Every structure is written in C-alpha cells, then in structure tokens.
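Enquirer: Quick one: this structure, given as structure tokens, is what I'll be asking you about.
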Amino acid sequence: MGAITTGVWAVKSIVDKELDNVQRKIAQIVDSAGSIPRDLMEKYRIGEVAFHIFFGEQQYRENISITSQEFYEHMQSRPDQIPKTAVPGIADGPGAIGIGILQG
C-alpha cells in the first residue's frame with residue numbers, strides 16, 4: 001500500500017469516528033404513526049411520541065397502552081366503534097426528548 005492510500009485510510013478512519021460522535025449527539029424523535037419496527041428504533045436509538053387513540057370514551061396511547069395487535073383485534077370485535085386519533089400534544093414531547101438526553 002502506498003503512502004497516499006495509507007493517508008486516505010487514516011483520514012477516513014478519523015472522519016468515521018467524528019461522524020459516529022456527531023450521530024451520538026443527535027436525537028431522532030418520531031411520532032408513532034411512522035410504525036417504525038421496534039428493532040430499528042432500538043438499534044438507532046430513535047425516540048417515539050405516541051399518538052392518542054380513542055374507542056368511544058376509552059383513550060389509549062399507541063405502543064404504550066395499546067399494541068397494534070390489540071388495536072386490530074378491537075377493530076375486528078367492534079366494527080361499529082370507529083376509532084378516533086389525535087396527534088401527540090406538546091406535553092407528550094418532553095418524555096421522548098428526556099429519553100434522548102439520557103441516552104446521550
């Protein structure tokens with residue numbers, strides 16, 4: 001390997017380390033409507049703010065108090081009860097932001 005090639009690999013190694021450090025300092029936070037698989041959220045340390053789901057008077061928070069499976073089961077068992085949703089409110093965000101801060 002020549003001196004130039006060795007130098008290029010050394011620079012690439014430094015850049016890769018710096019990018020890794022920057023990525024650790026950036027928190028990715030999404031709402032639950034994205035349906036990102038849990039394994040990817042854990043792997044990339046993505047925070048999530050839950051949508052609100054209402055079946056009549058009963059309120060749930062997506063992926064917290066009701067799973068996707070439970071949601072669809074409810075839809076099947078109660079086709080007359082149409083769910084309503086609400087986007088996360090401003091008060092829902094700090095929890096996800098706090099998790100991002102704790103994770104570094």
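Simple scheme: letters A, B, ... for chains in structure tokens order, numbers from 1 for residues in each chain, numbers from 1 for ligands in the order shown.
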So which residues touch Phe51 in chain A within 9 Å, counting only C-alpha atoms, skipping near sequence neighbours fewer than 2 positions away, as an NGL selection string?
Expert: :A and (31-33 or 49 or 53 or 60-63 or 85-89)
Enquirer: Would you return as a VMD selection string the members of range 24-83 of chain A that DSSP assigns to alpha helix (DSSP H) on this structure's backbone?
Expert: chain A and resid 24 to 25 38 to 43 68 to 77
Enquirer: What does the structure give for the distance between CA of Val30 in chain A and CA of His52 in chain A, in Å to one decimal?
Expert: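 So the answer is 14.2 Å.
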Enquirer: Among range 15-91 of chain A, which ones does DSSP place in strand (DSSP E or B), written as a ChimeraX atom specification?
Expert: /A:28-31,46-49,52-55,58-62,66,84-86
Enquirer: Generate a file of the selected residues that holds C-alpha atoms, formatted as a short mmCIF file (atom, residue, chain, number, x, y, z; two decimals), in the first residue's frame.
Expert:
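This is the output file again.cif:
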```cif
data_model
loop_
_atom_site.label_atom_id
_atom_site.label_comp_id
_atom_site.auth_asym_id
_atom_site.auth_seq_id
_atom_site.Cartn_x
_atom_site.Cartn_y
_atom_site.Cartn_z
CA GLN A 28 -34.09 11.28 16.43
CA ILE A 29 -37.67 11.54 17.65
CA VAL A 30 -40.69 10.47 15.60
CA ASP A 31 -44.38 10.11 16.21
CA ILE A 46 -34.95 6.62 17.94
CA GLY A 47 -37.38 8.14 20.43
CA GLU A 48 -41.11 8.00 19.86
CA VAL A 49 -44.04 10.21 20.84
CA HIS A 52 -53.69 9.10 21.08
CA ILE A 53 -56.37 6.59 20.05
CA PHE A 54 -59.97 6.77 21.24
CA PHE A 55 -62.50 3.96 21.12
CA GLN A 58 -61.64 4.85 26.25
CA GLN A 59 -58.31 6.52 25.47
CA TYR A 60 -55.07 4.72 24.60
CA ARG A 61 -51.56 5.76 23.67
CA GLU A 62 -50.20 3.90 20.65
CA ILE A 66 -52.37 -0.49 23.22
CA LYS A 84 -60.58 8.43 16.52
CA THR A 85 -57.00 9.60 16.76
CA ALA A 86 -55.21 12.70 17.94
#
```
Enquirer: Could you state the separation of CA of Gln81 in chain A and CA of Gly56 in chain A in Å, given to one decimal place?
Expert: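 Straight-line distance from CA of Gln81 in chain A to CA of Gly56 in chain A works out to 6.9 Å.
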Enquirer: Expressed in Å to a single decimal, how great is the separation between CA of Met41 in chain A and CA of Ile64 in chain A?
Expert: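 According to the coordinates, CA of Met41 in chain A and CA of Ile64 in chain A are separated by 14.6 Å.
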